[in-house]
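See below for the structure under consideration.
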Amino acid sequence: MTGRINLKKLVPSTIFFILLAILSLPFVYIIMTSFKTHLDIMLRPILFTPTLKNYVDLFFTQTSNFPRYMLNSLIVALFSTVFIIGIAGLSAYGISRSEFVWHLDKILLGWVLFLRMVFPVAFALPFYKIAQSLNLLDTKIILIVFYTTINIPFAVWMLKGFFDQLPRAYEEAAFIDGCSIFGVFWRVAMPIISSGAVATAILVFMLGWNEFLFALIITESSRSMTLTVGIAGLCQQYMVEWGKMATAATIFTIPIFVLSVFVQDYLGKGLTMGIGIKE
Amino acid sequence: MRELTHRSITTFLMTLPLVIILVFFSIYPFVSLIKMSFSSFIVGKGYEYVGLKNVWRFIEDQRAWESIGRTFLYVFVSVSGEFVVGLGLALLVKGKFKGVIRTMVIIPMLVAPIAVGIIWRLMYDPVFGIINQILAKIGIQGKNWLADPQIALWSVIIVEIWQWTPFIFLILLAGLESLPKECYEGAKIDGASSWQTFVYFTIPLMSPIIIVALFFRTMECFKAFDKIWILTGGGPSDVTEIISIYIYRVSFRHNLLGYGAFLALIMVGFIVIYNLSYMGFLRRKIQ
């Protein structure tokens, strides 16, 4: 009897750990590859002498644009995150607390949701045209504007969810004390949901950091090229130089590893925009 | 009363920045997409209205139809695979392994599709890739996973399943853990087998969550682009060319911007219908 119970516990755990290995081994593999020389990649899959040569090559070679791409990615992702949280925070609070006529709030939310569902490729063409006519092709500014636009729906829905859960009693108290609605938003509502807002900001930052398609059509030179496009170019250029590609992928992924710890609790809710998922 | 109107005007003003952004960067692009769909881009002249020319072109464009069919196949197989594995995994770990291990599970879906593409491209390499090296160790002849037209699409689908199973897993697990425990105990007392409990109990109770998970996964899956772009670029000989890749190629490689816009418009139309039917379905479910 005891044997059977153990088996019943053991089998699911074993299967789970095998699947966990399948999920995580590719990352181990890529990190290992990034520390290998070209020869080691070919001849020694597991035992090898680690070297930092790939990292040095990517970061400290005169011809390497890698640090530049990284800086561009960081700037674009960071600025779009700031704009998104500012704008989405305000409007999510407005939508959550208002009594709009003609269901205007529902229409607004529906439109925002629709934006999130549309193929990015469908936006690529008009966005390209807008960038062209504003003479802003190959600039970081237009990328920031586009990232703000395409990622704002996500933030609006997530923040609205947080504001909806907020008991109004706090705000009423602040109103009675003579606070304006902006004051209530800024001094009462935002601080209370701050942990949710931080998680939203991190997720939005990740979306910007990981974005590829718009960067691919907008950027041309190292002036604005982001890491994703840079790495994709590297991929075509150095298909043989695995060490470098693995290194690029590793560096690119490390921030995500670190940040994922902070957002895990909000992920299910965030990715379905809070629809139909209970806490 | 005056206080209230004042307040609702202020809340409306708060949404104004969002409304402005939406008008400039979503309504305007959308209108311009429609205009572009019925025109051709000619270098030096800009966009010229060509009437229904793009429609006829689309009807005769076998490559477009093939890529649409392929997109549906890609989405269907990927999402089904993710669902089966994700549900299985969620049932296995229900109530167990909290904390760090769960974080590990969700990492693949947070990593950029670009990085995932590179990782798998290296792993799939016919000579030095880890997959073929392992297969060689156990005496199986490896394949050229991404260059063989017979299997390239399946190789890409495996990567999609690998990356997004955690999503289904995460949502279904949250659902399973929120199911009332008393009902399970009741079923046990009544002598129901675990299979019966699963079919008559878990599935019906879970169905709203399952529908949400599948809806969002399907929607995101249709948008796939980056990963396939890195893995195969749509090749070999177009076998992994799903619709978004085809639209990109038509527009930015062949410079047929008008026709590309028309294809994009069709896909937007499809997404609208898909969403409306889902919303209708949800509403009926609630009633």
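Identifiers for the structure tokens are assigned positionally: chains receive A, B, ... in sequence, residues are indexed from 1 per chain, and ligands are indexed from 1 in the order shown.
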
* Could you name the residues that touch region 196-198 of chain A at 10 Å or less, counting only C-alpha atoms, but leaving out those on the same chain fewer than 5 positions away, as number ranges by chain? -> A: 85, 89, 155, 158-159, 161-163, 190-191, 203-204, 262-263, 265-266

Save the residues we just selected, C-alpha atoms, as a PDB file, in the first residue's frame?
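File written: result_25.pdb
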```pdb
ATOM      1  CA  ILE A  85       2.427  54.257 -17.421  1.00  0.00           C
ATOM      2  CA  GLY A  89      -2.510  55.311 -15.423  1.00  0.00           C
ATOM      3  CA  ALA A 155      -1.304  48.734 -19.584  1.00  0.00           C
ATOM      4  CA  MET A 158      -4.162  45.895 -16.398  1.00  0.00           C
ATOM      5  CA  LEU A 159      -4.240  49.164 -14.459  1.00  0.00           C
ATOM      6  CA  GLY A 161      -8.247  46.027 -13.172  1.00  0.00           C
ATOM      7  CA  PHE A 162      -6.234  47.281 -10.205  1.00  0.00           C
ATOM      8  CA  PHE A 163      -8.247  50.491  -9.870  1.00  0.00           C
ATOM      9  CA  MET A 190      -1.536  55.383  -7.408  1.00  0.00           C
ATOM     10  CA  PRO A 191       0.362  54.720  -4.168  1.00  0.00           C
ATOM     11  CA  LEU A 203       5.841  43.908 -18.394  1.00  0.00           C
ATOM     12  CA  VAL A 204       5.510  46.904 -20.696  1.00  0.00           C
ATOM     13  CA  PHE A 262       8.979  40.421 -10.104  1.00  0.00           C
ATOM     14  CA  VAL A 263       6.062  39.839 -12.425  1.00  0.00           C
ATOM     15  CA  ASP A 265       2.145  36.801  -9.879  1.00  0.00           C
ATOM     16  CA  TYR A 266       0.630  39.176 -12.410  1.00  0.00           C
TER      17      TYR A 266
END
```

* To do: At a cut-off of 6 Å, list the chain B residues touching chain A, using only C-alpha atoms, as a PyMOL selection string.
  => chain B and resi 8+11+14-15+29+33+92+112+115+128+171+223+264

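Coordinates place CA of Thr37 (chain A) at a distance of 7.6 Å from CA of Lys53 (chain A).
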